[in-house]
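run38.cif, holding mmCIF, C-alpha atoms:
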data_target
loop_
_atom_site.label_atom_id
_atom_site.label_comp_id
_atom_site.auth_asym_id
_atom_site.auth_seq_id
_atom_site.Cartn_x
_atom_site.Cartn_y
_atom_site.Cartn_z
CA MET D 1 171.96 244.17 86.35
CA THR D 2 169.60 243.84 89.30
CA GLU D 3 170.35 246.44 91.95
CA GLY D 4 171.05 245.36 95.52
CA PHE D 5 168.43 245.45 98.26
CA ASN D 6 169.60 248.61 99.99
CA THR D 7 169.91 250.46 96.68
CA ARG D 8 166.34 249.51 95.77
CA ALA D 9 165.12 250.45 99.25
CA ILE D 10 166.52 253.96 98.83
CA HIS D 11 165.67 254.61 95.17
CA ALA D 12 162.61 252.55 94.13
CA GLY D 13 159.66 254.91 93.69
CA GLN D 14 161.81 257.84 94.80
CA THR D 15 162.43 259.90 91.69
CA PRO D 16 163.48 263.46 92.64
CA ASP D 17 160.71 266.02 92.29
CA LYS D 18 160.50 267.27 88.70
CA THR D 19 159.56 270.82 89.68
CA THR D 20 162.15 271.60 92.34
CA GLY D 21 164.67 268.79 92.15
CA SER D 22 163.93 267.82 95.76
CA ILE D 23 165.74 264.55 96.46
CA ILE D 24 162.89 263.47 98.74
CA PRO D 25 159.58 263.36 96.82
CA PRO D 26 156.97 265.68 98.34
CA LEU D 27 154.31 264.51 100.76
CA TYR D 28 151.03 264.84 98.84
CA GLN D 29 148.77 265.65 101.77
CA THR D 30 145.64 266.06 99.69
CA THR D 31 142.31 264.34 99.21
CA THR D 32 141.53 265.42 95.65
CA PHE D 33 143.20 266.58 92.44
CA ALA D 34 142.37 269.26 89.87
CA GLN D 35 141.19 267.94 86.50
CA ASP D 36 142.12 269.46 83.16
CA GLY D 37 138.60 268.94 81.90
CA ILE D 38 135.74 266.55 82.53
CA GLY D 39 137.27 263.10 82.47
CA LYS D 40 140.73 264.55 81.80
CA LEU D 41 142.78 263.45 84.79
CA ARG D 42 146.24 264.86 85.29
CA ASN D 43 148.60 261.87 85.32
CA GLY D 44 145.71 259.65 86.36
CA TYR D 45 145.05 261.30 89.71
CA GLU D 46 141.48 261.98 90.75
CA TYR D 47 140.67 261.24 94.41
CA GLY D 48 142.79 260.17 97.38
CA ARG D 49 141.01 256.90 98.08
CA GLY D 50 141.85 255.69 94.62
CA THR D 51 145.34 257.04 94.07
CA ASN D 52 147.87 259.31 95.74
CA PRO D 53 151.47 259.89 94.57
CA THR D 54 152.88 259.31 98.05
CA ARG D 55 151.11 255.98 98.40
CA ASP D 56 152.03 255.02 94.84
CA ALA D 57 155.70 255.61 95.64
CA LEU D 58 155.50 253.37 98.71
CA GLN D 59 153.75 250.65 96.74
CA GLU D 60 156.46 250.71 94.09
CA GLN D 61 159.10 250.49 96.82
CA LEU D 62 157.37 247.52 98.51
CA ALA D 63 157.00 245.58 95.26
CA ALA D 64 160.66 246.13 94.41
CA LEU D 65 161.84 244.85 97.77
CA GLU D 66 159.58 241.79 97.94
CA GLY D 67 160.22 240.79 94.33
CA GLY D 68 156.57 241.25 93.34
CA SER D 69 154.94 242.91 90.38
CA HIS D 70 152.37 244.87 92.40
CA ALA D 71 152.02 246.05 95.99
CA PHE D 72 149.09 247.63 97.80
CA SER D 73 149.34 249.77 100.93
CA PHE D 74 146.61 249.77 103.59
CA ALA D 75 145.79 251.48 106.86
CA SER D 76 146.86 248.46 108.94
CA GLY D 77 148.08 244.91 108.57
CA LEU D 78 144.62 243.55 109.33
CA ALA D 79 143.06 245.88 106.77
CA ALA D 80 145.49 244.43 104.22
CA GLU D 81 144.59 240.87 105.18
CA ASP D 82 140.86 241.58 105.08
CA ALA D 83 141.13 243.16 101.62
CA LEU D 84 143.13 240.22 100.30
CA ILE D 85 140.69 237.61 101.59
CA ARG D 86 137.64 239.43 100.29
CA ALA D 87 139.34 239.99 96.95
CA VAL D 88 139.97 236.32 96.24
CA LEU D 89 137.53 234.28 98.34
CA ALA D 90 133.77 233.88 98.39
CA PRO D 91 131.28 232.55 100.94
CA GLY D 92 131.83 228.84 101.36
CA ASP D 93 135.57 228.94 100.70
CA HIS D 94 138.02 227.44 103.17
CA ILE D 95 141.39 228.64 104.54
CA VAL D 96 144.04 226.40 106.07
CA MET D 97 146.19 228.45 108.42
CA GLY D 98 149.08 227.71 110.71
CA ASN D 99 148.31 226.82 114.31
CA ASP D 100 150.54 229.69 115.40
CA VAL D 101 149.35 232.60 113.25
CA TYR D 102 149.04 236.06 114.74
CA GLY D 103 146.06 236.28 117.08
CA GLY D 104 144.56 239.17 115.13
CA THR D 105 144.63 237.15 111.92
CA TYR D 106 142.92 234.25 113.65
CA ARG D 107 140.28 236.60 115.08
CA LEU D 108 139.66 238.23 111.70
CA ILE D 109 139.14 234.91 109.96
CA THR D 110 137.24 233.03 112.67
CA ARG D 111 135.12 235.79 114.18
CA VAL D 112 134.63 238.37 111.43
CA LEU D 113 134.88 236.62 108.09
CA SER D 114 133.25 233.45 109.37
CA ALA D 115 129.96 235.37 109.48
CA TRP D 116 130.47 236.00 105.76
CA GLY D 117 130.73 232.26 105.17
CA ILE D 118 134.52 231.76 105.18
CA THR D 119 135.52 228.54 106.95
CA SER D 120 138.94 227.69 108.31
CA SER D 121 141.06 225.09 110.03
CA VAL D 122 144.41 225.29 111.75
CA VAL D 123 147.32 222.92 111.32
CA ASP D 124 151.02 222.66 112.10
CA PHE D 125 152.74 223.74 108.87
CA ALA D 126 155.86 221.85 109.93
CA ASP D 127 153.88 218.68 109.11
CA ASN D 128 153.30 218.60 105.35
CA ASP D 129 151.10 215.51 105.62
CA ALA D 130 148.84 217.29 108.10
CA VAL D 131 148.60 220.32 105.82
CA ALA D 132 147.74 218.10 102.85
CA ALA D 133 145.08 216.32 104.88
CA ALA D 134 143.50 219.64 105.86
CA ILE D 135 143.01 220.66 102.23
CA THR D 136 139.53 219.75 101.05
CA ASP D 137 138.90 218.86 97.44
CA ASN D 138 136.04 221.21 96.84
CA ASN D 139 136.48 224.44 98.79
CA THR D 140 140.01 225.02 100.15
CA LYS D 141 141.28 228.08 98.33
CA MET D 142 144.07 229.43 100.52
CA LEU D 143 147.02 228.33 102.68
CA TRP D 144 148.14 230.92 105.23
CA LEU D 145 151.37 230.71 107.18
CA GLU D 146 153.75 232.90 109.18
CA THR D 147 157.44 232.26 109.41
CA PRO D 148 158.89 233.01 111.89
CA SER D 149 155.62 232.82 113.79
CA ASN D 150 154.33 235.10 116.51
CA PRO D 151 155.28 234.52 119.32
CA MET D 152 156.45 230.88 119.24
CA MET D 153 159.06 231.53 116.54
CA LYS D 154 158.18 228.44 114.51
CA ILE D 155 159.79 228.14 111.09
CA SER D 156 157.76 226.86 108.14
CA ASP D 157 159.13 225.66 104.82
CA VAL D 158 157.78 228.16 102.28
CA ALA D 159 159.01 226.19 99.25
CA ALA D 160 157.38 222.97 100.50
CA ALA D 161 154.11 224.79 101.21
CA SER D 162 154.28 226.32 97.74
CA ARG D 163 154.59 222.91 96.09
CA LEU D 164 151.61 221.67 98.07
CA ALA D 165 149.59 224.75 97.16
CA LYS D 166 150.31 224.36 93.46
CA GLU D 167 149.46 220.64 93.52
CA ASN D 168 146.05 221.54 94.94
CA ASP D 169 145.46 224.75 92.95
CA VAL D 170 145.25 226.98 96.03
CA LEU D 171 146.93 230.28 96.92
CA LEU D 172 149.83 230.39 99.35
CA VAL D 173 149.89 233.50 101.54
CA VAL D 174 152.93 234.20 103.72
CA ASP D 175 152.92 236.74 106.53
CA ASN D 176 156.47 238.11 106.32
CA THR D 177 156.16 240.68 109.10
CA PHE D 178 158.71 239.17 111.49
CA ALA D 179 161.38 238.55 108.87
CA SER D 180 160.83 241.61 106.65
CA PRO D 181 161.78 241.52 102.95
CA TYR D 182 165.41 242.14 103.88
CA LEU D 183 165.75 238.78 105.62
CA GLN D 184 163.28 236.68 103.62
CA GLN D 185 161.48 236.94 100.28
CA PRO D 186 158.64 234.40 100.13
CA ILE D 187 157.70 235.13 96.51
CA SER D 188 161.12 233.90 95.41
CA LEU D 189 160.40 230.72 97.40
CA GLY D 190 157.09 230.15 95.61
CA ALA D 191 154.52 232.12 97.61
CA ASP D 192 151.66 233.73 95.69
CA VAL D 193 151.05 236.55 98.14
CA VAL D 194 153.04 238.27 100.89
CA VAL D 195 151.33 240.28 103.62
CA HIS D 196 152.87 242.66 106.14
CA SER D 197 152.01 244.79 109.06
CA THR D 198 154.20 247.65 107.87
CA THR D 199 153.67 249.16 111.31
CA LYS D 200 156.44 246.84 112.44
CA TYR D 201 159.91 246.45 110.85
CA ILE D 202 159.13 248.08 107.52
CA GLY D 203 158.14 251.40 109.11
CA GLY D 204 160.52 250.67 111.93
CA HIS D 205 160.01 253.74 114.12
CA SER D 206 156.71 253.07 115.93
CA ASP D 207 155.15 256.17 114.41
CA ALA D 208 153.10 254.98 111.41
CA SER D 209 150.44 252.27 111.19
CA GLY D 210 150.04 250.36 107.95
CA GLY D 211 149.78 247.09 106.10
CA ALA D 212 150.69 245.72 102.70
CA VAL D 213 149.78 243.04 100.19
CA VAL D 214 152.39 242.11 97.57
CA VAL D 215 151.64 239.82 94.61
CA ASN D 216 153.37 238.69 91.44
CA ASP D 217 150.35 238.05 89.23
CA ALA D 218 148.48 240.68 87.21
CA GLY D 219 145.09 239.04 87.60
CA LEU D 220 145.45 238.76 91.36
CA ALA D 221 146.70 242.34 91.50
CA GLU D 222 143.60 243.55 89.68
CA LYS D 223 141.34 241.87 92.25
CA VAL D 224 143.22 243.24 95.27
CA GLY D 225 143.47 246.69 93.70
CA PHE D 226 139.72 246.80 93.13
CA VAL D 227 138.96 246.02 96.78
CA GLN D 228 141.55 248.56 97.92
CA PHE D 229 139.74 251.21 95.85
CA ALA D 230 136.16 250.07 96.44
CA VAL D 231 136.41 249.51 100.19
CA GLY D 232 138.94 252.24 100.88
CA ALA D 233 141.05 251.04 103.83
CA VAL D 234 144.08 252.76 102.30
CA SER D 235 147.10 254.19 104.05
CA ALA D 236 146.90 257.94 104.55
CA PRO D 237 149.54 260.10 102.82
CA MET D 238 151.45 260.91 106.01
CA GLU D 239 151.58 257.25 107.07
CA ALA D 240 152.73 256.25 103.59
CA TRP D 241 155.45 258.93 103.62
CA LEU D 242 156.70 257.88 107.06
CA THR D 243 156.70 254.22 106.01
CA THR D 244 158.74 255.02 102.91
CA ARG D 245 161.21 256.94 105.05
CA GLY D 246 161.56 254.01 107.44
CA LEU D 247 161.84 251.43 104.69
CA LYS D 248 164.95 253.09 103.28
CA THR D 249 166.97 252.02 106.34
CA LEU D 250 165.42 248.56 106.72
CA GLY D 251 168.58 246.69 105.78
CA VAL D 252 170.91 248.39 108.24
CA ARG D 253 168.29 248.20 110.98
CA MET D 254 167.65 244.49 110.48
CA ASP D 255 171.37 243.75 110.65
CA ARG D 256 171.50 245.41 114.08
CA HIS D 257 168.20 243.89 115.28
CA SER D 258 169.51 240.45 114.33
CA SER D 259 172.92 240.78 115.95
CA ASN D 260 171.43 242.17 119.18
CA ALA D 261 168.79 239.44 119.31
CA MET D 262 171.36 236.71 118.79
CA ALA D 263 173.46 238.01 121.68
CA ILE D 264 170.42 238.21 123.95
CA ALA D 265 169.17 234.74 123.00
CA LYS D 266 172.57 233.22 123.81
CA TRP D 267 172.73 235.07 127.12
CA LEU D 268 169.23 233.99 128.14
CA GLN D 269 170.13 230.35 127.49
CA GLY D 270 172.60 230.49 130.35
CA GLN D 271 170.22 231.91 132.95
CA PRO D 272 169.03 229.47 135.65
CA SER D 273 165.52 230.95 135.76
CA VAL D 274 164.96 230.40 132.04
CA GLU D 275 163.09 227.32 130.86
CA ARG D 276 163.51 227.75 127.10
CA VAL D 277 164.59 230.36 124.57
CA TYR D 278 162.73 230.54 121.25
CA TYR D 279 165.03 232.02 118.61
CA PRO D 280 165.71 230.43 115.20
CA GLY D 281 169.31 231.61 115.26
CA LEU D 282 170.14 229.13 118.01
CA PRO D 283 171.38 225.75 116.72
CA GLU D 284 169.05 224.05 119.22
CA HIS D 285 165.97 225.59 117.60
CA PRO D 286 164.10 222.88 115.64
CA GLY D 287 163.78 225.19 112.64
CA HIS D 288 167.34 226.50 112.70
CA GLU D 289 168.64 224.77 109.56
CA LEU D 290 165.54 225.67 107.54
CA ALA D 291 165.68 229.28 108.74
CA ALA D 292 169.33 229.45 107.72
CA GLN D 293 168.34 228.33 104.21
CA GLN D 294 165.45 230.72 103.61
CA MET D 295 166.49 233.72 105.71
CA LYS D 296 169.49 236.04 105.42
CA ALA D 297 169.71 236.34 109.23
CA PHE D 298 167.39 235.42 112.08
CA GLY D 299 165.66 238.67 112.99
CA GLY D 300 165.05 240.67 116.12
CA MET D 301 162.30 238.69 117.86
CA VAL D 302 163.05 236.45 120.85
CA SER D 303 160.57 234.62 123.07
CA VAL D 304 161.46 233.07 126.40
CA THR D 305 159.66 230.92 128.97
CA PHE D 306 160.48 230.87 132.69
CA LYS D 307 160.71 227.97 135.11
CA GLY D 308 158.84 229.98 137.72
CA GLY D 309 155.73 230.09 135.55
CA GLU D 310 153.37 233.00 135.09
CA THR D 311 154.62 234.80 138.21
CA ASP D 312 158.19 235.03 136.91
CA ALA D 313 157.11 235.98 133.40
CA ARG D 314 154.96 238.83 134.67
CA SER D 315 157.71 239.98 137.03
CA VAL D 316 160.29 240.21 134.26
CA ALA D 317 157.85 241.93 131.89
CA GLU D 318 157.17 244.61 134.50
CA SER D 319 160.76 245.08 135.74
CA THR D 320 162.73 246.23 132.70
CA ARG D 321 163.96 249.79 132.23
CA VAL D 322 165.34 249.93 128.69
CA PHE D 323 162.85 247.40 127.33
CA THR D 324 159.43 249.08 127.44
CA LEU D 325 156.32 247.07 128.30
CA ALA D 326 154.10 247.66 125.25
CA GLU D 327 152.14 246.14 122.40
CA SER D 328 153.64 245.91 118.90
CA LEU D 329 157.17 245.15 117.74
CA GLY D 330 159.76 245.96 115.12
CA GLY D 331 160.68 249.49 116.13
CA ILE D 332 164.15 250.80 116.80
CA GLU D 333 163.40 250.73 120.52
CA SER D 334 163.29 247.47 122.51
CA LEU D 335 159.87 246.32 123.69
CA MET D 336 158.73 243.69 126.19
CA ASN D 337 155.40 241.95 125.74
CA TYR D 338 153.37 239.43 127.78
CA PRO D 339 151.39 237.81 124.93
CA SER D 340 148.96 235.79 127.05
CA GLU D 341 147.31 239.00 128.30
CA MET D 342 148.35 241.39 125.55
CA THR D 343 148.81 240.57 121.84
CA HIS D 344 147.35 237.05 122.03
CA ALA D 345 144.59 237.42 124.60
CA SER D 346 142.03 236.84 121.82
CA VAL D 347 143.19 233.23 121.28
CA LYS D 348 142.87 232.06 124.87
CA GLY D 349 141.05 228.76 125.03
CA THR D 350 142.02 227.80 121.47
CA GLU D 351 144.87 225.67 120.18
CA LEU D 352 146.72 228.92 119.47
CA GLU D 353 146.82 229.79 123.17
CA VAL D 354 150.20 231.14 124.30
CA PRO D 355 151.92 229.77 127.43
CA THR D 356 151.42 231.97 130.48
CA ASN D 357 155.11 231.72 131.38
CA LEU D 358 156.23 233.29 128.08
CA VAL D 359 157.41 236.81 127.35
CA ARG D 360 158.23 238.15 123.90
CA LEU D 361 161.11 240.52 123.27
CA SER D 362 161.27 242.86 120.31
CA VAL D 363 164.98 243.58 120.43
CA GLY D 364 165.81 247.08 119.28
CA ILE D 365 168.99 248.68 118.02
CA GLU D 366 170.26 250.14 121.29
CA ASP D 367 173.73 249.28 122.56
CA ILE D 368 173.78 245.58 123.35
CA GLU D 369 175.57 246.18 126.67
CA ASP D 370 172.63 248.27 127.89
CA LEU D 371 170.06 245.71 126.79
CA LEU D 372 171.88 242.86 128.52
CA ALA D 373 172.31 244.91 131.70
CA ASP D 374 168.59 245.66 131.70
CA LEU D 375 167.66 242.01 131.36
CA LYS D 376 170.18 241.06 134.02
CA GLN D 377 168.64 243.40 136.57
CA ALA D 378 165.11 242.26 135.64
CA LEU D 379 165.96 238.57 136.06
CA ALA D 380 167.70 239.37 139.34
CA THR D 381 164.26 240.21 140.80
CA LEU D 382 163.17 236.56 140.51
#

Show this structure as structure tokens.
Amino acid sequence: MTEGFNTRAIHAGQTPDKTTGSIIPPLYQTTTFAQDGIGKLRNGYEYGRGTNPTRDALQEQLAALEGGSHAFSFASGLAAEDALIRAVLAPGDHIVMGNDVYGGTYRLITRVLSAWGITSSVVDFADNDAVAAAITDNNTKMLWLETPSNPMMKISDVAAASRLAKENDVLLVVDNTFASPYLQQPISLGADVVVHSTTKYIGGHSDASGGAVVVNDAGLAEKVGFVQFAVGAVSAPMEAWLTTRGLKTLGVRMDRHSSNAMAIAKWLQGQPSVERVYYPGLPEHPGHELAAQQMKAFGGMVSVTFKGGETDARSVAESTRVFTLAESLGGIESLMNYPSEMTHASVKGTELEVPTNLVRLSVGIEDIEDLLADLKQALATL
């Protein structure tokens, strides 16, 4: 019998310590390991860049929750993405990515890896014909999408993208950061690779940076594992331990994030200063039905645009008291972000540019009454 999500989150990779019986496996804060003779490694451990028991435990946990065969933990989400791309692509290869991918992903591919010879194009993944047209016969090797997307909350059909990828013999990569494996499991929908910024919902406490690559193919795993070892952008033991700790409560946190976000999205819809609310849980959202099919709930991220333009958006972003103006997302605390000048400043002037009248809310797990009161007083300043 397959164990439930929360059971796997708590127990996968978490065997009690054999020496002491400690329920929580020790933090192996070490860079190297004693050998029992030249070439005689104790349980395969040699040097921290290659292997570490704390990181191994996290990787087992991540694979179990995403339904993959192998997972790899990195120092950041972008480090994970960079390792994946360099593991499977070569100069001259082409990536088709969504026209609403995270700004850091776009920057990595178009400004860093482009110098290495990787080419790319962006397309609306809601239009399968457009995606098919963007795939070239000779050098497209990867489709890259986010769902829900950051910060426009677009929903893409993972199963449809998977069919298109398989028809054209290319890899489908899904950034699952916003949904988390609790709400959505892209591998079960046909994705070849899942990537995460574990800094966000997986860690969940805004205290540990990290990234992950999860795959379900041994050959692909060997390639990613080699780059992880050879390049060395691995998660440190403390970050891996904190991420494992956070991941154990992912399910209960996501339930609360989702219910709070739904309440806030509905409330914002009724405010006269609001132009539009972007939240897939709302029936009016163009991706609502698809999100309901491929997600367990709709997550904790809400974006909103204001009729008063940039002035109103900036005013709200700088007027909250419980919501904190800050980069990042996915922690237990509520955050307010002005993407045009913060998380997505790097895509200004491109087709990924974010509206200047938009703010992004990472809705935390505080009492909903306090969050609504905070937004009410902030909007009252307009």

Note to self: Quick check, in Å to one decimal: how far apart do CA of Ser180 (chain D) and CA of Ile23 (chain D) lie?
What the structure shows: 25.6 Å

Within 7 Å of Ala313 (chain D) using all atoms listed in the file, minus same-chain residues under 5 positions, as a short mmCIF file (atom, residue, chain, number, x, y, z; two decimals) with C-alpha atoms, in the frame of the given file:
data_model
loop_
_atom_site.label_atom_id
_atom_site.label_comp_id
_atom_site.auth_asym_id
_atom_site.auth_seq_id
_atom_site.Cartn_x
_atom_site.Cartn_y
_atom_site.Cartn_z
CA PHE D 306 160.48 230.87 132.69
CA ASN D 357 155.11 231.72 131.38
CA LEU D 358 156.23 233.29 128.08
CA VAL D 359 157.41 236.81 127.35
#

Note to self: Just the number, please: distance in Å from CA of Ser114 (chain D) to CA of Glu327 (chain D), one decimal.
What the structure shows: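 It comes out at 26.2 Å.
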
For the structure shown, which residues end up in the PyMOL selection byres ((chain D and resi 211) around 9)? Put them as an mmCIF file with C-alpha atoms, in the frame of the given file, please?
data_model
loop_
_atom_site.group_PDB
_atom_site.id
_atom_site.type_symbol
_atom_site.label_atom_id
_atom_site.label_comp_id
_atom_site.auth_asym_id
_atom_site.auth_seq_id
_atom_site.Cartn_x
_atom_site.Cartn_y
_atom_site.Cartn_z
ATOM 1 C CA PHE D 72 149.090 247.630 97.800
ATOM 2 C CA SER D 73 149.340 249.770 100.930
ATOM 3 C CA PHE D 74 146.610 249.770 103.590
ATOM 4 C CA ALA D 75 145.790 251.480 106.860
ATOM 5 C CA SER D 76 146.860 248.460 108.940
ATOM 6 C CA GLY D 77 148.080 244.910 108.570
ATOM 7 C CA LEU D 78 144.620 243.550 109.330
ATOM 8 C CA ALA D 79 143.060 245.880 106.770
ATOM 9 C CA ALA D 80 145.490 244.430 104.220
ATOM 10 C CA GLU D 81 144.590 240.870 105.180
ATOM 11 C CA VAL D 195 151.330 240.280 103.620
ATOM 12 C CA HIS D 196 152.870 242.660 106.140
ATOM 13 C CA SER D 197 152.010 244.790 109.060
ATOM 14 C CA THR D 198 154.200 247.650 107.870
ATOM 15 C CA THR D 199 153.670 249.160 111.310
ATOM 16 C CA SER D 209 150.440 252.270 111.190
ATOM 17 C CA GLY D 210 150.040 250.360 107.950
ATOM 18 C CA ALA D 212 150.690 245.720 102.700
ATOM 19 C CA VAL D 213 149.780 243.040 100.190
ATOM 20 C CA VAL D 234 144.080 252.760 102.300
ATOM 21 C CA SER D 235 147.100 254.190 104.050
#

Item checked: Hits from the PyMOL selection byres ((chain D and resi 275) around 10), listed as a list in words -> Leu268, Gln269, Gln271, Pro272, Ser273, Val274, Arg276, Val277, Val304, Thr305, Phe306, Lys307, Gly308, Gly309, Asn357 and Leu358 of chain D

Checklist line | Atom pair CA of Ser149 (chain D) / CA of Asp100 (chain D): separation (Å) | finding: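 Distance between the two atoms: 6.2 Å.
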
For this structure, which residues satisfy the selection - the PyMOL selection byres ((chain D and resi 108-112) around 10) - when it is evaluated on the file as given? I want them as a PDB file with C-alpha atoms, in the frame of the given file.
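Written file, expr_5.pdb:
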ATOM      1  CA  LEU D  78     144.620 243.550 109.330  1.00  0.00           C
ATOM      2  CA  ALA D  79     143.060 245.880 106.770  1.00  0.00           C
ATOM      3  CA  GLU D  81     144.590 240.870 105.180  1.00  0.00           C
ATOM      4  CA  ASP D  82     140.860 241.580 105.080  1.00  0.00           C
ATOM      5  CA  ILE D  85     140.690 237.610 101.590  1.00  0.00           C
ATOM      6  CA  ILE D  95     141.390 228.640 104.540  1.00  0.00           C
ATOM      7  CA  MET D  97     146.190 228.450 108.420  1.00  0.00           C
ATOM      8  CA  GLY D 103     146.060 236.280 117.080  1.00  0.00           C
ATOM      9  CA  GLY D 104     144.560 239.170 115.130  1.00  0.00           C
ATOM     10  CA  THR D 105     144.630 237.150 111.920  1.00  0.00           C
ATOM     11  CA  TYR D 106     142.920 234.250 113.650  1.00  0.00           C
ATOM     12  CA  ARG D 107     140.280 236.600 115.080  1.00  0.00           C
ATOM     13  CA  LEU D 113     134.880 236.620 108.090  1.00  0.00           C
ATOM     14  CA  SER D 114     133.250 233.450 109.370  1.00  0.00           C
ATOM     15  CA  ALA D 115     129.960 235.370 109.480  1.00  0.00           C
ATOM     16  CA  TRP D 116     130.470 236.000 105.760  1.00  0.00           C
ATOM     17  CA  GLY D 117     130.730 232.260 105.170  1.00  0.00           C
ATOM     18  CA  ILE D 118     134.520 231.760 105.180  1.00  0.00           C
ATOM     19  CA  THR D 119     135.520 228.540 106.950  1.00  0.00           C
ATOM     20  CA  SER D 120     138.940 227.690 108.310  1.00  0.00           C
ATOM     21  CA  SER D 121     141.060 225.090 110.030  1.00  0.00           C
TER      22      SER D 121
END

Margin query: Please list as a list in words every residue within 10 Å of region 373-378 of chain D, counting all atoms listed in the file and excluding residues in the same chain fewer than 4 positions away.
Written below: Ile264, Trp267, Leu268, Gln271, Ser315, Val316, Ala317, Glu318, Ser319, Thr320, Arg321, Val322, Phe323, Ile368, Glu369 and Leu382 of chain D

Margin query: Which residues are near Leu145 (chain D)? Cut-off 7 Å, all atoms listed in the file, ignore same chain within fewer than 6 positions. Put them as a PyMOL selection string.
Written below: chain D and resi 97-98+101+173-175

Residues just named, written with C-alpha atoms as a PDB file, in the frame of the given file:
ATOM      1  CA  MET D  97     146.190 228.450 108.420  1.00  0.00           C
ATOM      2  CA  GLY D  98     149.080 227.710 110.710  1.00  0.00           C
ATOM      3  CA  VAL D 101     149.350 232.600 113.250  1.00  0.00           C
ATOM      4  CA  VAL D 173     149.890 233.500 101.540  1.00  0.00           C
ATOM      5  CA  VAL D 174     152.930 234.200 103.720  1.00  0.00           C
ATOM      6  CA  ASP D 175     152.920 236.740 106.530  1.00  0.00           C
TER       7      ASP D 175
END

Just need the box for region 70-74 of chain D, edges along x, y and z, holding every atom the file lists for it with 4 Å tacked onto each side, so centre and edge lengths in Å to one decimal, as lines of an AutoDock Vina configuration file.
center_x = 149.5
center_y = 247.3
center_z = 98.0
size_x = 13.8
size_y = 12.9
size_z = 19.2

Checklist line | Surrounding residues of Asn43 (chain D) excluding itself and chain neighbours under 2 positions, 12 Å, all atoms listed in the file, as a list of chain:residue names | finding: D:Phe33, D:Ala34, D:Gln35, D:Asp36, D:Gly39, D:Lys40, D:Leu41, D:Tyr45, D:Glu46, D:Thr51, D:Asn52, D:Pro53

Next item on the list: Using all atoms listed in the file, find the one residue out of D:Gln294, D:Thr311, D:Asn168, D:Thr7 that sits nearest to Ile135 (chain D).
Entry: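 Under the stated criterion, the closest residue is D:Asn168.
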